Protein chains: 2
Amino acid sequence: MKRIGFIGLGTMGLPMARNLMQAGYPLNVYNRTAEKAKPLAELGARVASSPADAAKDADVVFTMLTADAAVEQVILGSNGVATGARHGTLVVDCSTVSPRTSQRIAAELAKLGIEMLDAPVTGSEPQAEQRQLTFMVGGKKEQFERCRPLFDAMGKAAFYMGPSGAGSYTKLANNAMAAINLVALAEAIVMAAKSGIDPNLFLQVVAGGGARSGMAEAKGPKVIARDFRPHFMTELMHKDLKLAKNLADELGLPTPALSVAKEMLQAAIAEGFGKEDLCAVVKCYERWAGVTVGG
Amino acid sequence: MKRIGFIGLGTMGLPMARNLMQAGYPLNVYNRTAEKAKPLAELGARVASSPADAAKDADVVFTMLTADAAVEQVILGSNGVATGARHGTLVVDCSTVSPRTSQRIAAELAKLGIEMLDAPVTGSEPQAEQRQLTFMVGGKKEQFERCRPLFDAMGKAAFYMGPSGAGSYTKLANNAMAAINLVALAEAIVMAAKSGIDPNLFLQVVAGGGARSGMAEAKGPKVIARDFRPHFMTELMHKDLKLAKNLADELGLPTPALSVAKEMLQAAIAEGFGKEDLCAVVKCYERWAGVTVGG
């Protein structure tokens with residue numbers, strides 16, 4: 001069985017790596033905060049001393065990190081993946097980053113004979129744990145096919161979207177849409193609650209009609225239960241929206257709804273909800289309305 | 001079998017009235033443009049000469065009209081429902097109107113011993129035809145129960161939301177949410193298309209994750225097929241968004257995403273898409289981006 005490197009064992013990376021191990025792949029794991037590797041070490045993973053060490057003897061190396069700079073550093077920096085990987089190794093970055101970053105790293109790796117896919121995912125912690133992620137993948141089609149069994153071990157679907165960067169383009173548009181849908185839920189459920197409507201009933205009405213959304217399904221009950229524990233942190237979604245807005249600016253495309261969603265998540269961060277689940281944005285509207293939804 | 005009055009035989013009213021007839025209820029029908037009553041006359045409906053005449057000998061009178069002023073005129077105006085209805089008649093307004101209008105009409109009718117429910121629906125033409133509407137109902141609980149068999153003849157669900165106006169409050173919040181989700185789809189799919197992503201693939205990715213929405217399901221394929229025939233006209237949704245924004249203003253609740261959705265539908269109307277399906281808003285973004293999604 002091929003050996004896999006996995007770098008970045010946070011909320012998403014840890015369950016993803018665990019699922020690869022449970023599918024039988026031997027793993028080299030690396031995380032900046034080493035103790036996060038412990039649960040995987042207990043399952044038999046080799047704990048690497050650096051990204052380069054994680055890439056050593058690995059056929060495929062995954063990275064799942066929180067920002068462009070970290071991805072660039074871990075792959076191309078000193079003791080990075082590129083210094084440990086061999087010719088033909090495949091680097092698969094599952095982080096949400098700018099398409100330009102994906103393309104630049106892929107181009108640098110290509111000079112060294114190292115392959116690269118940008119393969120961000122939809123789904124948050126529960127989907128990562130239950131192998132229900134969806135991968136959207138950019139790069140060479142044959143590398144996508146090479147990686148498909150690994151995607152299958154971690155998710156329910158993997159889509160080949162096009163050349164290098166296409167996974168990242170797709171992810172940013174997807175997350176812009178998700179965040180706007182979240183703000184739609186927040187505005188509507190607070191408006192309903194302020195009007196005296198039972199928010200549980202409101203969610204039932206919404207679920208049966210054209211206003212239904214994944215965000216209403218996943219976050220509506222969480223808001224009513226006042227459960228803001230993070231499946232996907234406000235500050236991480238805000239980072240994605242900044243990338244999406246940069247992309248829109250680069251494309252010359254006005255995106256007023258995306259801008260509103262980005263600013264509302266910024267407001268949630270300013271209110272102190274940055275480390276809470278992104279559905280905490282509803283608390284900004286509740287504060288304005290002087291009502292609490294459910295609870 | 002109780003006789004039913006039905007006033008307003010437009011895109012929604014006509015199939016709703018037809019479903020009542022097919023459930024066996026004898027109908028009095030009225031429409032300002034009389035020829036729209038023809039298909040129902042052929043099925044045996046009595047064509048009334050005025051709203052008052054439609055209410056005569058009717059146990060329940062439905063109204064399905066496009067704006068507050070029309071509802072007020074048809075129910076309370078000269079030759080209106082109120083002048084033809086008897087003590088104990090139930091008026092059920094399925095139009096999307098301001099909650100204040102619903103409450104004011106209900107109060108006027110109560111003085112005459114006439115009952116009233118505000119019972120707007122979610123779903124557009126296809127749902128009306130296939131008895132898949134959802135009713136959200138405000139008024140007295142016992143009148144809701146009295147009307148339930150009729151809701152069942154036209155829809156898949158009916159929710160009792162609370163006292164007079166509660167149906168209209170729910171509807172405006174629901175439509176605000178739907179419209180914001182639509183604009184989310186429009187921004188994201190045009191951003192993806194401009195980035196070189198296949199919009200069909202993009203919709204598949206979206207459908208499997210947190211960004212999914214009823215709007216993406218219903219309108220995404222319509223946009224790609226360049227089918228802008230109206231299930232729900234841009235100008236009617238825009239009217240609903242004006243009502244929703246008025247409600248938010250009355251509640252003192254800032255709703256920036258609702259404002260953006262309202263302005264984008266206004267832009268679609270300004271571009272000449274007012275009588276097209278509301279998904280025509282995507283054409284505003286396409287124009288800005290210089291791309292066409294699908295087609």
# chains A, B, ... in the order shown; residues from 1 in each chain; ligands from 1

call {"tool": "interface_residues", "arguments": {"of": "chain B", "to": "chain A", "cutoff": "8 Å", "atoms": "only C-alpha atoms", "output": "PyMOL selection string"}}
result
chain B and resi 122-123+133-134+136+159+161-162+166+169-170+173-181+183-185+187-189+191-192+194-198+201-202+205-206+208-215+218+248+251-258+260-261+285+288-289

call {"tool": "write_last_selection", "arguments": {"atoms": "C-alpha atoms", "output": "short mmCIF file (atom, residue, chain, number, x, y, z; two decimals), in the first residue's frame"}}
result
data_model
loop_
_atom_site.label_atom_id
_atom_site.label_comp_id
_atom_site.auth_asym_id
_atom_site.auth_seq_id
_atom_site.Cartn_x
_atom_site.Cartn_y
_atom_site.Cartn_z
CA THR B 122 -44.68 29.26 -0.97
CA GLY B 123 -44.26 27.70 -4.36
CA LEU B 133 -47.96 24.61 -2.25
CA THR B 134 -47.25 25.36 1.40
CA MET B 136 -48.54 29.86 6.10
CA PHE B 159 -48.88 25.83 8.97
CA MET B 161 -48.33 30.64 12.37
CA GLY B 162 -50.34 32.75 14.85
CA ALA B 166 -48.70 36.03 11.08
CA TYR B 169 -45.03 38.13 8.35
CA THR B 170 -43.83 34.61 7.62
CA ALA B 173 -39.34 36.76 5.73
CA ASN B 174 -39.48 33.61 3.59
CA ASN B 175 -39.36 35.55 0.32
CA ALA B 176 -36.57 37.79 1.55
CA MET B 177 -34.58 34.64 2.22
CA ALA B 178 -35.45 33.09 -1.16
CA ALA B 179 -34.45 36.26 -3.03
CA ILE B 180 -31.12 36.54 -1.21
CA ASN B 181 -30.44 32.87 -1.98
CA VAL B 183 -28.72 36.50 -5.72
CA ALA B 184 -26.18 34.22 -4.00
CA LEU B 185 -26.62 31.75 -6.85
CA GLU B 187 -23.13 35.96 -8.06
CA ALA B 188 -21.53 32.57 -7.52
CA ILE B 189 -22.41 30.91 -10.82
CA MET B 191 -18.06 34.13 -10.80
CA ALA B 192 -17.48 30.45 -11.49
CA LYS B 194 -16.00 33.78 -15.56
CA SER B 195 -13.26 31.69 -13.88
CA GLY B 196 -13.67 29.02 -16.56
CA ILE B 197 -15.69 26.56 -14.46
CA ASP B 198 -18.42 24.52 -16.18
CA LEU B 201 -20.36 20.93 -12.73
CA PHE B 202 -20.56 23.91 -10.38
CA VAL B 205 -20.67 20.59 -6.44
CA VAL B 206 -23.07 23.05 -4.80
CA GLY B 208 -23.64 18.18 -2.49
CA GLY B 209 -22.60 20.68 0.15
CA GLY B 210 -23.46 23.52 2.48
CA ALA B 211 -24.07 26.01 -0.33
CA ARG B 212 -27.05 24.07 -1.70
CA SER B 213 -30.38 25.84 -1.95
CA GLY B 214 -33.86 25.51 -3.37
CA MET B 215 -32.99 28.40 -5.68
CA ALA B 218 -34.91 25.25 -9.30
CA ALA B 248 -37.69 45.44 8.37
CA LEU B 251 -39.07 46.59 13.02
CA GLY B 252 -35.96 48.76 13.09
CA LEU B 253 -33.90 45.84 11.79
CA PRO B 254 -30.96 46.48 9.43
CA THR B 255 -31.13 43.93 6.58
CA PRO B 256 -28.29 44.72 4.20
CA ALA B 257 -28.54 41.45 2.26
CA LEU B 258 -32.27 41.96 1.68
CA VAL B 260 -28.96 44.11 -2.06
CA ALA B 261 -31.42 41.50 -3.33
CA TYR B 285 -24.17 39.79 -13.55
CA TRP B 288 -21.03 42.88 -15.99
CA ALA B 289 -18.79 39.83 -16.34
#

call {"tool": "residues_around", "arguments": {"residues": "range 30-40 of chain A", "least_positions_apart": "4", "cutoff": "6 Å", "atoms": "only C-alpha atoms", "output": "MDAnalysis selection string"}}
result
chainID A and resid 7:9 45 48

call {"tool": "write_last_selection", "arguments": {"atoms": "C-alpha atoms", "output": "short mmCIF file (atom, residue, chain, number, x, y, z; two decimals), in the first residue's frame"}}
result
data_model
loop_
_atom_site.label_atom_id
_atom_site.label_comp_id
_atom_site.auth_asym_id
_atom_site.auth_seq_id
_atom_site.Cartn_x
_atom_site.Cartn_y
_atom_site.Cartn_z
CA ILE A 7 0.22 17.89 6.95
CA GLY A 8 -2.21 19.99 8.98
CA LEU A 9 -4.18 18.10 11.64
CA ALA A 45 1.05 6.89 12.04
CA ALA A 48 7.27 13.45 11.00
#

call {"tool": "residues_around", "arguments": {"residues": "Ala58 in chain A", "least_positions_apart": "6", "cutoff": "7 Å", "atoms": "only C-alpha atoms", "output": "number ranges by chain"}}
result
A: 3-5

call {"tool": "write_last_selection", "arguments": {"atoms": "N, CA, C and O atoms", "output": "short mmCIF file (atom, residue, chain, number, x, y, z; two decimals), in the first residue's frame"}}
result
data_model
loop_
_atom_site.label_atom_id
_atom_site.label_comp_id
_atom_site.auth_asym_id
_atom_site.auth_seq_id
_atom_site.Cartn_x
_atom_site.Cartn_y
_atom_site.Cartn_z
N ARG A 3 2.39 4.86 0.68
CA ARG A 3 2.50 5.67 1.91
C ARG A 3 2.05 7.09 1.61
O ARG A 3 2.32 7.65 0.55
N ILE A 4 1.32 7.68 2.57
CA ILE A 4 0.72 9.00 2.39
C ILE A 4 1.29 9.96 3.43
O ILE A 4 1.41 9.59 4.61
N GLY A 5 1.62 11.17 3.01
CA GLY A 5 1.95 12.22 3.96
C GLY A 5 0.72 13.08 4.22
O GLY A 5 -0.06 13.33 3.29
#

call {"tool": "residues_around", "arguments": {"residues": "Gln130 in chain A", "least_positions_apart": "5", "cutoff": "10 Å", "atoms": "only C-alpha atoms", "output": "list in words"}}
result
Pro15, Met16, Asn19, Glu125, Met154, Gly155 and Lys156 of chain A

call {"tool": "residues_around", "arguments": {"residues": "Glu108 in chain A", "least_positions_apart": "4", "cutoff": "12 Å", "atoms": "only C-alpha atoms", "output": "PyMOL selection string"}}
result
chain A and resi 72+75-77+81-83+91+101-104+112-116

call {"tool": "write_last_selection", "arguments": {"atoms": "N, CA and C atoms", "output": "PDB file, in the first residue's frame"}}
result
ATOM      1  N   GLU A  72       2.008  27.999   1.325  1.00  0.00           N
ATOM      2  CA  GLU A  72       3.216  28.314   0.564  1.00  0.00           C
ATOM      3  C   GLU A  72       4.473  27.937   1.373  1.00  0.00           C
ATOM      4  N   ILE A  75       4.836  24.038   1.792  1.00  0.00           N
ATOM      5  CA  ILE A  75       5.193  23.312   0.573  1.00  0.00           C
ATOM      6  C   ILE A  75       6.529  23.784   0.004  1.00  0.00           C
ATOM      7  N   LEU A  76       6.732  25.114  -0.076  1.00  0.00           N
ATOM      8  CA  LEU A  76       7.907  25.640  -0.774  1.00  0.00           C
ATOM      9  C   LEU A  76       8.982  26.190   0.163  1.00  0.00           C
ATOM     10  N   GLY A  77       8.665  26.339   1.473  1.00  0.00           N
ATOM     11  CA  GLY A  77       9.620  26.940   2.412  1.00  0.00           C
ATOM     12  C   GLY A  77      10.752  26.001   2.796  1.00  0.00           C
ATOM     13  N   VAL A  81       7.710  20.609   1.943  1.00  0.00           N
ATOM     14  CA  VAL A  81       7.389  19.383   1.211  1.00  0.00           C
ATOM     15  C   VAL A  81       8.290  19.216  -0.010  1.00  0.00           C
ATOM     16  N   ALA A  82       8.522  20.332  -0.700  1.00  0.00           N
ATOM     17  CA  ALA A  82       9.294  20.256  -1.950  1.00  0.00           C
ATOM     18  C   ALA A  82      10.711  19.729  -1.728  1.00  0.00           C
ATOM     19  N   THR A  83      11.270  20.002  -0.555  1.00  0.00           N
ATOM     20  CA  THR A  83      12.644  19.541  -0.301  1.00  0.00           C
ATOM     21  C   THR A  83      12.692  18.064   0.082  1.00  0.00           C
ATOM     22  N   VAL A  91       1.461  16.227  -4.691  1.00  0.00           N
ATOM     23  CA  VAL A  91       1.048  17.077  -3.567  1.00  0.00           C
ATOM     24  C   VAL A  91      -0.410  17.471  -3.804  1.00  0.00           C
ATOM     25  N   THR A 101      -2.544  31.406  -5.810  1.00  0.00           N
ATOM     26  CA  THR A 101      -1.599  30.681  -4.952  1.00  0.00           C
ATOM     27  C   THR A 101      -1.486  29.233  -5.417  1.00  0.00           C
ATOM     28  N   SER A 102      -2.636  28.598  -5.675  1.00  0.00           N
ATOM     29  CA  SER A 102      -2.621  27.210  -6.166  1.00  0.00           C
ATOM     30  C   SER A 102      -1.770  27.108  -7.435  1.00  0.00           C
ATOM     31  N   GLN A 103      -2.006  28.051  -8.351  1.00  0.00           N
ATOM     32  CA  GLN A 103      -1.313  27.982  -9.643  1.00  0.00           C
ATOM     33  C   GLN A 103       0.193  28.247  -9.483  1.00  0.00           C
ATOM     34  N   ARG A 104       0.538  29.187  -8.599  1.00  0.00           N
ATOM     35  CA  ARG A 104       1.955  29.529  -8.418  1.00  0.00           C
ATOM     36  C   ARG A 104       2.709  28.357  -7.798  1.00  0.00           C
ATOM     37  N   LEU A 112      10.312  21.039 -10.340  1.00  0.00           N
ATOM     38  CA  LEU A 112      11.036  19.985  -9.617  1.00  0.00           C
ATOM     39  C   LEU A 112      10.535  18.591  -9.979  1.00  0.00           C
ATOM     40  N   GLY A 113       9.597  18.533 -10.945  1.00  0.00           N
ATOM     41  CA  GLY A 113       9.040  17.225 -11.314  1.00  0.00           C
ATOM     42  C   GLY A 113       8.050  16.704 -10.295  1.00  0.00           C
ATOM     43  N   ILE A 114       7.513  17.597  -9.453  1.00  0.00           N
ATOM     44  CA  ILE A 114       6.524  17.197  -8.451  1.00  0.00           C
ATOM     45  C   ILE A 114       5.140  17.613  -8.946  1.00  0.00           C
ATOM     46  N   GLU A 115       4.196  16.694  -8.841  1.00  0.00           N
ATOM     47  CA  GLU A 115       2.834  16.958  -9.318  1.00  0.00           C
ATOM     48  C   GLU A 115       2.025  17.655  -8.238  1.00  0.00           C
ATOM     49  N   MET A 116       0.964  18.351  -8.635  1.00  0.00           N
ATOM     50  CA  MET A 116       0.146  19.075  -7.652  1.00  0.00           C
ATOM     51  C   MET A 116      -1.311  19.141  -8.095  1.00  0.00           C
TER      52      MET A 116
END

call {"tool": "residues_around", "arguments": {"residues": "Leu265 in chain A", "least_positions_apart": "2", "cutoff": "10 Å", "atoms": "only C-alpha atoms", "output": "PDB file with N, CA, C and O atoms, in the first residue's frame"}}
result
ATOM      1  N   ALA A 179     -22.047  31.517   2.289  1.00  0.00           N
ATOM      2  CA  ALA A 179     -22.055  32.606   3.274  1.00  0.00           C
ATOM      3  C   ALA A 179     -23.233  33.542   3.038  1.00  0.00           C
ATOM      4  O   ALA A 179     -23.854  34.030   3.992  1.00  0.00           O
ATOM      5  N   VAL A 183     -26.316  34.435   5.632  1.00  0.00           N
ATOM      6  CA  VAL A 183     -26.796  35.767   6.000  1.00  0.00           C
ATOM      7  C   VAL A 183     -28.289  35.896   5.665  1.00  0.00           C
ATOM      8  O   VAL A 183     -29.060  36.526   6.405  1.00  0.00           O
ATOM      9  N   THR A 234     -16.231  31.345  12.278  1.00  0.00           N
ATOM     10  CA  THR A 234     -16.526  32.627  11.643  1.00  0.00           C
ATOM     11  C   THR A 234     -15.284  33.225  10.998  1.00  0.00           C
ATOM     12  O   THR A 234     -15.326  33.679   9.849  1.00  0.00           O
ATOM     13  N   GLU A 235     -14.157  33.218  11.711  1.00  0.00           N
ATOM     14  CA  GLU A 235     -12.967  33.898  11.169  1.00  0.00           C
ATOM     15  C   GLU A 235     -12.382  33.156   9.966  1.00  0.00           C
ATOM     16  O   GLU A 235     -11.778  33.785   9.100  1.00  0.00           O
ATOM     17  N   LEU A 236     -12.604  31.846   9.908  1.00  0.00           N
ATOM     18  CA  LEU A 236     -12.112  31.123   8.727  1.00  0.00           C
ATOM     19  C   LEU A 236     -13.003  31.398   7.514  1.00  0.00           C
ATOM     20  O   LEU A 236     -12.513  31.568   6.394  1.00  0.00           O
ATOM     21  N   MET A 237     -14.307  31.426   7.723  1.00  0.00           N
ATOM     22  CA  MET A 237     -15.191  31.778   6.600  1.00  0.00           C
ATOM     23  C   MET A 237     -14.909  33.201   6.143  1.00  0.00           C
ATOM     24  O   MET A 237     -14.907  33.479   4.945  1.00  0.00           O
ATOM     25  N   HIS A 238     -14.660  34.088   7.100  1.00  0.00           N
ATOM     26  CA  HIS A 238     -14.362  35.469   6.710  1.00  0.00           C
ATOM     27  C   HIS A 238     -13.113  35.537   5.838  1.00  0.00           C
ATOM     28  O   HIS A 238     -13.071  36.269   4.841  1.00  0.00           O
ATOM     29  N   LYS A 239     -12.129  34.727   6.187  1.00  0.00           N
ATOM     30  CA  LYS A 239     -10.911  34.665   5.361  1.00  0.00           C
ATOM     31  C   LYS A 239     -11.258  34.195   3.934  1.00  0.00           C
ATOM     32  O   LYS A 239     -10.793  34.758   2.943  1.00  0.00           O
ATOM     33  N   LEU A 241     -14.049  34.559   2.424  1.00  0.00           N
ATOM     34  CA  LEU A 241     -14.813  35.604   1.725  1.00  0.00           C
ATOM     35  C   LEU A 241     -13.896  36.725   1.240  1.00  0.00           C
ATOM     36  O   LEU A 241     -14.146  37.333   0.194  1.00  0.00           O
ATOM     37  N   SER A 259     -20.232  41.029  -0.764  1.00  0.00           N
ATOM     38  CA  SER A 259     -19.668  42.083   0.089  1.00  0.00           C
ATOM     39  C   SER A 259     -20.433  42.192   1.405  1.00  0.00           C
ATOM     40  O   SER A 259     -19.826  42.340   2.472  1.00  0.00           O
ATOM     41  N   VAL A 260     -21.747  42.130   1.330  1.00  0.00           N
ATOM     42  CA  VAL A 260     -22.546  42.201   2.555  1.00  0.00           C
ATOM     43  C   VAL A 260     -22.231  41.028   3.476  1.00  0.00           C
ATOM     44  O   VAL A 260     -22.046  41.202   4.692  1.00  0.00           O
ATOM     45  N   ALA A 261     -22.152  39.827   2.912  1.00  0.00           N
ATOM     46  CA  ALA A 261     -21.855  38.646   3.738  1.00  0.00           C
ATOM     47  C   ALA A 261     -20.495  38.802   4.407  1.00  0.00           C
ATOM     48  O   ALA A 261     -20.333  38.516   5.604  1.00  0.00           O
ATOM     49  N   LYS A 262     -19.530  39.271   3.646  1.00  0.00           N
ATOM     50  CA  LYS A 262     -18.175  39.470   4.183  1.00  0.00           C
ATOM     51  C   LYS A 262     -18.200  40.491   5.320  1.00  0.00           C
ATOM     52  O   LYS A 262     -17.608  40.266   6.387  1.00  0.00           O
ATOM     53  N   GLU A 263     -18.896  41.588   5.123  1.00  0.00           N
ATOM     54  CA  GLU A 263     -18.957  42.620   6.170  1.00  0.00           C
ATOM     55  C   GLU A 263     -19.722  42.127   7.403  1.00  0.00           C
ATOM     56  O   GLU A 263     -19.382  42.473   8.537  1.00  0.00           O
ATOM     57  N   ALA A 267     -18.440  41.907  11.116  1.00  0.00           N
ATOM     58  CA  ALA A 267     -19.171  42.424  12.287  1.00  0.00           C
ATOM     59  C   ALA A 267     -19.228  41.361  13.388  1.00  0.00           C
ATOM     60  O   ALA A 267     -19.036  41.670  14.574  1.00  0.00           O
ATOM     61  N   ALA A 268     -19.453  40.119  13.000  1.00  0.00           N
ATOM     62  CA  ALA A 268     -19.503  39.036  13.985  1.00  0.00           C
ATOM     63  C   ALA A 268     -18.144  38.887  14.679  1.00  0.00           C
ATOM     64  O   ALA A 268     -18.071  38.664  15.897  1.00  0.00           O
ATOM     65  N   ILE A 269     -17.072  39.031  13.912  1.00  0.00           N
ATOM     66  CA  ILE A 269     -15.736  38.970  14.504  1.00  0.00           C
ATOM     67  C   ILE A 269     -15.536  40.149  15.450  1.00  0.00           C
ATOM     68  O   ILE A 269     -15.039  39.998  16.573  1.00  0.00           O
ATOM     69  N   ALA A 270     -15.965  41.346  15.012  1.00  0.00           N
ATOM     70  CA  ALA A 270     -15.837  42.545  15.854  1.00  0.00           C
ATOM     71  C   ALA A 270     -16.625  42.406  17.152  1.00  0.00           C
ATOM     72  O   ALA A 270     -16.246  42.964  18.189  1.00  0.00           O
ATOM     73  N   GLU A 271     -17.725  41.651  17.102  1.00  0.00           N
ATOM     74  CA  GLU A 271     -18.532  41.412  18.301  1.00  0.00           C
ATOM     75  C   GLU A 271     -17.922  40.330  19.195  1.00  0.00           C
ATOM     76  O   GLU A 271     -18.474  40.008  20.250  1.00  0.00           O
ATOM     77  N   PHE A 273     -17.143  37.036  18.053  1.00  0.00           N
ATOM     78  CA  PHE A 273     -17.598  35.685  17.715  1.00  0.00           C
ATOM     79  C   PHE A 273     -16.685  34.986  16.707  1.00  0.00           C
ATOM     80  O   PHE A 273     -17.083  34.005  16.079  1.00  0.00           O
ATOM     81  N   GLY A 274     -15.472  35.486  16.554  1.00  0.00           N
ATOM     82  CA  GLY A 274     -14.581  34.971  15.518  1.00  0.00           C
ATOM     83  C   GLY A 274     -14.266  33.493  15.627  1.00  0.00           C
ATOM     84  O   GLY A 274     -14.084  32.806  14.624  1.00  0.00           O
ATOM     85  N   LEU A 278     -19.804  29.912  12.342  1.00  0.00           N
ATOM     86  CA  LEU A 278     -20.193  31.073  11.524  1.00  0.00           C
ATOM     87  C   LEU A 278     -21.655  31.464  11.693  1.00  0.00           C
ATOM     88  O   LEU A 278     -22.030  32.610  11.412  1.00  0.00           O
ATOM     89  N   CYS A 279     -22.481  30.534  12.206  1.00  0.00           N
ATOM     90  CA  CYS A 279     -23.888  30.901  12.415  1.00  0.00           C
ATOM     91  C   CYS A 279     -24.036  31.928  13.544  1.00  0.00           C
ATOM     92  O   CYS A 279     -25.124  32.502  13.720  1.00  0.00           O
ATOM     93  N   ALA A 280     -22.950  32.214  14.264  1.00  0.00           N
ATOM     94  CA  ALA A 280     -22.984  33.264  15.291  1.00  0.00           C
ATOM     95  C   ALA A 280     -23.280  34.634  14.700  1.00  0.00           C
ATOM     96  O   ALA A 280     -23.626  35.566  15.430  1.00  0.00           O
ATOM     97  N   VAL A 281     -23.181  34.753  13.374  1.00  0.00           N
ATOM     98  CA  VAL A 281     -23.526  36.038  12.738  1.00  0.00           C
ATOM     99  C   VAL A 281     -24.972  36.440  13.072  1.00  0.00           C
ATOM    100  O   VAL A 281     -25.310  37.621  13.097  1.00  0.00           O
ATOM    101  N   VAL A 282     -25.806  35.457  13.352  1.00  0.00           N
ATOM    102  CA  VAL A 282     -27.204  35.753  13.694  1.00  0.00           C
ATOM    103  C   VAL A 282     -27.275  36.622  14.951  1.00  0.00           C
ATOM    104  O   VAL A 282     -28.206  37.419  15.115  1.00  0.00           O
ATOM    105  N   CYS A 284     -25.508  39.143  15.685  1.00  0.00           N
ATOM    106  CA  CYS A 284     -25.433  40.574  15.325  1.00  0.00           C
ATOM    107  C   CYS A 284     -26.841  41.102  15.040  1.00  0.00           C
ATOM    108  O   CYS A 284     -27.205  42.192  15.505  1.00  0.00           O
TER     109      CYS A 284
END

call {"tool": "select_by_dssp", "arguments": {"residues": "range 24-262 of chain B", "states": "strand (DSSP E)", "output": "JSON, numbers by chain"}}
result
{"B": [27, 28, 29, 30, 46, 47, 60, 61, 62, 63, 90, 91, 92, 93, 115, 116, 117, 118, 121, 122, 133, 134, 135, 136, 137, 138, 155, 156, 157, 158, 159, 160, 161, 162]}

call {"tool": "select_by_dssp", "arguments": {"residues": "range 7-184 of chain A", "states": "helix (DSSP H, G or I)", "output": "PyMOL selection string"}}
result
chain A and resi 13-22+34-42+51-55+68-76+81-84+99-111+125-129+141-154+166-184

call {"tool": "atom_distance", "arguments": {"atom1": "CA of Ala23 in chain B", "atom2": "CA of Thr66 in chain B"}}
result
25.2 Å

call {"tool": "atom_distance", "arguments": {"atom1": "CA of Ser168 in chain A", "atom2": "CA of Asp68 in chain A"}}
result
11.4 Å

call {"tool": "closest_residue", "arguments": {"among": "A:Pro126, A:Pro120, A:Val293, A:Ala54", "to": "Leu14 in chain A", "atoms": "only C-alpha atoms"}}
result
A:Pro126

call {"tool": "atom_distance", "arguments": {"atom1": "CA of Lys141 in chain A", "atom2": "CA of Asn200 in chain B"}}
result
18.1 Å

call {"tool": "closest_residue", "arguments": {"among": "B:Gly272, B:Gly295, B:Pro230, B:Pro26", "to": "Val47 in chain B", "atoms": "only C-alpha atoms"}}
result
B:Pro26

call {"tool": "closest_residue", "arguments": {"among": "B:Gln143, B:Ser50, B:Ser95, B:Thr89", "to": "Ala70 in chain B", "atoms": "only C-alpha atoms"}}
result
B:Ser95

call {"tool": "closest_residue", "arguments": {"among": "A:Phe151, A:Phe228, A:Tyr25, A:Phe6", "to": "Asp53 in chain A", "atoms": "only C-alpha atoms"}}
result
A:Phe6
